[in-house]
Amino acid sequence: MAVVLLVGLATALSAAPASADPGGRAAAVQQQLPTSFQWSSGGPVISPAANIDSVAVKDPSVLQDEDGTWHVFFTRVDTSGDWGLAHTSFDDWSQAAGAPQTDLEAASGVGPGYRAAPHAFYFEPRDEWYLVYQTGLPSFSTTDDPNDPTSWSAPRNFQDSVPDVVEENIGDGHWLDFYVICDASMCYLFSADDNGHVYRAETTVGEFPNGFRDTRIVLEDTGNALFEGGAVYRVEGTDTYLLIWEAIGSDGRRWYRSFTADGLTGQWQPLADTESNPFARSTNVTFDGGNAWTRDISHGELIRTSADQTMTLDPCDIQLLYQGLDPDAGGDYSQLPWRLGLATQTNSPC
C-alpha cells in the first residue's frame, strides 16, 4: 500500500465518525492484533538477477519511499562463500522479479568484506537514510538518496566491541541481525546471538547514531526457540510493540514467533509463539495453487506504513517479505538457494 494512500486513509478515518468506518479499522486498532495468524503466499517474487554473482537472495529489508518506490535490500552470497549486500527497487510488486539489482560491494562505499542482514530506514531527525548490517559488529552506512544505490557511505560501527553481556551468554553462537527502532526520545538496537537471547542497547534520539550503551537481555529461551532474524514494530494507533523472532522448529525448518510489549522497554509477552500457534510457519501459510515452494518461513521483514525510524505497522494490512527455500535443497548453508516470497495475512480483524 503506497504511503500516500495510507496517509489519506488515516486522515479520512480520523475525520469520520465511528459509524462511518465500514471496514471496522478503528475497532481493529483498538483490539490491536489477533492471537493467531493465517497467511497466503505466491511463489518467489525476487531471485538473483543475471548481473548479480549470487546463489541466493536472503535477509530482506523492505521500505517504500515518499514517491511510492519500493526498495528491497538483501544479502547476496557468491559460489565462493563471499557475503555481501545488494539492492533492487520497483514501483509495483508485479515488477519485482525483473527489476535491476545492484551489488553494493562493488558499486558503493559499503565496500568489500563480510556484510549481511541489512535493515534500512529513514531517520527523520537527521534527514538521512540508514542501512544497518553486520560485519561481525553492528555497522551502518548512510545516504541522502536511496534511489542512488552507489551513494551509500563507507561502514561505521554503532558499537566497536562485543558487549560483556553478549560475551557471557553467546556460547557457540554469533552476534548478529541488528535492528534499530526509535520512539520519541530513544533509539534501541536489538540483536540476536543464535543462542536463545534477544539483546537491546539504547541511545537517545539526539545522540543517534552514536552512544549505544546499556546492552541487556530482554528475552531468552533455548537456542532454537529464539534463534535470529528478529524485528520490532510499533502497532499503529497504539502504544503496543510487536517483536517477531525466527526459530528452528522440531522439523528443522525455520518459522516465526511473536511477542508484544507496552513500550519498547516493556516486558515481552507471548502472542503467537508456539509451533501449533505460530506467527508465521509453513503450516499456517496457504500457497497459491497448492504450490508449497518452501517449508521455511525465514528471516524477513513486515511491510511498514512509512520508511521512518518508528517502524510503524498497520494492524489491518500485514504483509511479510520472507526468505524461503526449495524443500529438497541441501548442502553448505552459504550455498542454499534462498528466494524471497511475500505473504499476506488473511485473518485480519479489520
# chains A, B, ... in the order shown; residues from 1 in each chain; ligands from 1
$ select_by_dssp --residues "range 209-289 of chain A" --states "strand (DSSP E or B)" --output "MDAnalysis selection string"
chainID A and resid 213:220 228:235 240:248 254:262 269:270 280 285:287
$ closest_atom_pairs --of "range 23-74 of chain A" --to "range 301-307 of chain A" --cutoff "8 Å" --atoms "only C-alpha atoms" --output "tab-separated table"
residue	atom	partner	partner_atom	distance
A:Pro60	CA	A:Glu301	CA	6.6
A:Ser61	CA	A:Glu301	CA	5.9
A:Val62	CA	A:Ile303	CA	6.7
A:Leu63	CA	A:Ala307	CA	5.5
A:Gln64	CA	A:Ala307	CA	6.1
A:Asp65	CA	A:Ala307	CA	6.3
$ atom_distance --atom1 "CA of Glu168 in chain A" --atom2 "CA of Leu131 in chain A"
28.1 Å
$ residues_around --residues "range 214-221 of chain A" --least-positions-apart "6" --cutoff "6 Å" --atoms "only C-alpha atoms" --output "NGL selection string"
:A and (196-201)
$ select_by_dssp --residues "range 113-315 of chain A" --states "helix (DSSP H, G or I)" --output "PyMOL selection string"
chain A and resi 124-126+149-151+164-169+282-284+288-290
$ write_last_selection --atoms "N, CA and C atoms" --output "PDB file, in the first residue's frame"
ATOM      1  N   GLU A 124      14.305  10.488  10.387  1.00  0.00           N
ATOM      2  CA  GLU A 124      13.729  11.798  10.126  1.00  0.00           C
ATOM      3  C   GLU A 124      14.445  12.937  10.854  1.00  0.00           C
ATOM      4  N   PRO A 125      14.897  12.778  12.116  1.00  0.00           N
ATOM      5  CA  PRO A 125      15.550  13.908  12.792  1.00  0.00           C
ATOM      6  C   PRO A 125      16.804  14.414  12.091  1.00  0.00           C
ATOM      7  N   ARG A 126      17.498  13.571  11.364  1.00  0.00           N
ATOM      8  CA  ARG A 126      18.714  13.979  10.653  1.00  0.00           C
ATOM      9  C   ARG A 126      18.517  14.055   9.137  1.00  0.00           C
ATOM     10  N   PRO A 149      21.832   3.725  -5.479  1.00  0.00           N
ATOM     11  CA  PRO A 149      22.496   2.706  -4.662  1.00  0.00           C
ATOM     12  C   PRO A 149      24.010   2.848  -4.610  1.00  0.00           C
ATOM     13  N   THR A 150      24.586   3.688  -5.475  1.00  0.00           N
ATOM     14  CA  THR A 150      26.032   3.908  -5.419  1.00  0.00           C
ATOM     15  C   THR A 150      26.411   4.922  -4.344  1.00  0.00           C
ATOM     16  N   SER A 151      25.429   5.571  -3.714  1.00  0.00           N
ATOM     17  CA  SER A 151      25.710   6.703  -2.831  1.00  0.00           C
ATOM     18  C   SER A 151      25.889   6.325  -1.365  1.00  0.00           C
ATOM     19  N   ASP A 164      29.945  -6.990  27.108  1.00  0.00           N
ATOM     20  CA  ASP A 164      30.233  -8.060  28.057  1.00  0.00           C
ATOM     21  C   ASP A 164      29.077  -9.036  28.191  1.00  0.00           C
ATOM     22  N   VAL A 165      27.841  -8.510  28.244  1.00  0.00           N
ATOM     23  CA  VAL A 165      26.691  -9.394  28.447  1.00  0.00           C
ATOM     24  C   VAL A 165      26.529 -10.373  27.288  1.00  0.00           C
ATOM     25  N   VAL A 166      26.920  -9.944  26.087  1.00  0.00           N
ATOM     26  CA  VAL A 166      26.863 -10.843  24.934  1.00  0.00           C
ATOM     27  C   VAL A 166      27.964 -11.889  25.044  1.00  0.00           C
ATOM     28  N   GLU A 167      29.167 -11.453  25.352  1.00  0.00           N
ATOM     29  CA  GLU A 167      30.286 -12.384  25.514  1.00  0.00           C
ATOM     30  C   GLU A 167      29.967 -13.462  26.550  1.00  0.00           C
ATOM     31  N   GLU A 168      29.268 -13.086  27.604  1.00  0.00           N
ATOM     32  CA  GLU A 168      28.982 -14.004  28.698  1.00  0.00           C
ATOM     33  C   GLU A 168      27.881 -15.005  28.371  1.00  0.00           C
ATOM     34  N   ASN A 169      27.064 -14.715  27.348  1.00  0.00           N
ATOM     35  CA  ASN A 169      25.891 -15.547  27.082  1.00  0.00           C
ATOM     36  C   ASN A 169      25.845 -16.160  25.689  1.00  0.00           C
ATOM     37  N   SER A 282       5.180 -22.604   7.776  1.00  0.00           N
ATOM     38  CA  SER A 282       4.603 -23.192   6.564  1.00  0.00           C
ATOM     39  C   SER A 282       3.229 -23.807   6.841  1.00  0.00           C
ATOM     40  N   THR A 283       2.971 -24.170   8.091  1.00  0.00           N
ATOM     41  CA  THR A 283       1.698 -24.795   8.444  1.00  0.00           C
ATOM     42  C   THR A 283       0.539 -23.811   8.539  1.00  0.00           C
ATOM     43  N   ASN A 284       0.804 -22.495   8.630  1.00  0.00           N
ATOM     44  CA  ASN A 284      -0.301 -21.528   8.621  1.00  0.00           C
ATOM     45  C   ASN A 284      -0.229 -20.577   7.428  1.00  0.00           C
ATOM     46  N   ASP A 288      -0.409 -20.267  -3.196  1.00  0.00           N
ATOM     47  CA  ASP A 288      -1.227 -20.213  -4.406  1.00  0.00           C
ATOM     48  C   ASP A 288      -1.108 -21.511  -5.190  1.00  0.00           C
ATOM     49  N   GLY A 289      -2.242 -22.052  -5.588  1.00  0.00           N
ATOM     50  CA  GLY A 289      -2.252 -23.271  -6.387  1.00  0.00           C
ATOM     51  C   GLY A 289      -1.758 -24.488  -5.641  1.00  0.00           C
ATOM     52  N   GLY A 290      -1.626 -24.376  -4.321  1.00  0.00           N
ATOM     53  CA  GLY A 290      -1.117 -25.502  -3.544  1.00  0.00           C
ATOM     54  C   GLY A 290       0.360 -25.749  -3.740  1.00  0.00           C
TER      55      GLY A 290
END
$ decode --residues "range 141-153 of chain A" --atoms "N, CA, C and O atoms" --output "mmCIF file, in the first residue's frame"
data_model
loop_
_atom_site.group_PDB
_atom_site.id
_atom_site.type_symbol
_atom_site.label_atom_id
_atom_site.label_comp_id
_atom_site.auth_asym_id
_atom_site.auth_seq_id
_atom_site.Cartn_x
_atom_site.Cartn_y
_atom_site.Cartn_z
ATOM 1 N N SER A 141 25.708 2.300 7.077
ATOM 2 C CA SER A 141 26.064 3.286 6.061
ATOM 3 C C SER A 141 24.901 4.254 5.928
ATOM 4 O O SER A 141 23.771 3.944 6.329
ATOM 5 N N THR A 142 25.159 5.425 5.359
ATOM 6 C CA THR A 142 24.113 6.438 5.196
ATOM 7 C C THR A 142 24.107 6.959 3.762
ATOM 8 O O THR A 142 25.095 6.850 3.029
ATOM 9 N N THR A 143 22.972 7.559 3.403
ATOM 10 C CA THR A 143 22.851 8.229 2.115
ATOM 11 C C THR A 143 21.772 9.298 2.215
ATOM 12 O O THR A 143 20.901 9.243 3.099
ATOM 13 N N ASP A 144 21.816 10.258 1.305
ATOM 14 C CA ASP A 144 20.745 11.244 1.179
ATOM 15 C C ASP A 144 19.732 10.829 0.129
ATOM 16 O O ASP A 144 18.675 11.459 0.014
ATOM 17 N N ASP A 145 20.048 9.768 -0.629
ATOM 18 C CA ASP A 145 19.187 9.390 -1.746
ATOM 19 C C ASP A 145 19.177 7.874 -1.924
ATOM 20 O O ASP A 145 20.081 7.320 -2.564
ATOM 21 N N PRO A 146 18.167 7.182 -1.399
ATOM 22 C CA PRO A 146 18.131 5.722 -1.537
ATOM 23 C C PRO A 146 17.917 5.262 -2.976
ATOM 24 O O PRO A 146 18.132 4.087 -3.287
ATOM 25 N N ASN A 147 17.496 6.176 -3.855
ATOM 26 C CA ASN A 147 17.324 5.815 -5.261
ATOM 27 C C ASN A 147 18.659 5.695 -5.994
ATOM 28 O O ASN A 147 18.692 5.234 -7.133
ATOM 29 N N ASP A 148 19.738 6.135 -5.349
ATOM 30 C CA ASP A 148 21.075 6.015 -5.921
ATOM 31 C C ASP A 148 21.858 4.993 -5.097
ATOM 32 O O ASP A 148 22.491 5.350 -4.096
ATOM 33 N N PRO A 149 21.832 3.725 -5.479
ATOM 34 C CA PRO A 149 22.496 2.706 -4.662
ATOM 35 C C PRO A 149 24.010 2.848 -4.610
ATOM 36 O O PRO A 149 24.651 2.218 -3.769
ATOM 37 N N THR A 150 24.586 3.688 -5.475
ATOM 38 C CA THR A 150 26.032 3.908 -5.419
ATOM 39 C C THR A 150 26.411 4.922 -4.344
ATOM 40 O O THR A 150 27.597 5.134 -4.083
ATOM 41 N N SER A 151 25.429 5.571 -3.714
ATOM 42 C CA SER A 151 25.710 6.703 -2.831
ATOM 43 C C SER A 151 25.889 6.325 -1.365
ATOM 44 O O SER A 151 26.168 7.198 -0.541
ATOM 45 N N TRP A 152 25.759 5.028 -1.016
ATOM 46 C CA TRP A 152 25.901 4.636 0.382
ATOM 47 C C TRP A 152 27.343 4.839 0.858
ATOM 48 O O TRP A 152 28.295 4.519 0.143
ATOM 49 N N SER A 153 27.486 5.352 2.076
ATOM 50 C CA SER A 153 28.800 5.684 2.623
ATOM 51 C C SER A 153 29.551 4.440 3.084
ATOM 52 O O SER A 153 28.992 3.340 3.171
#
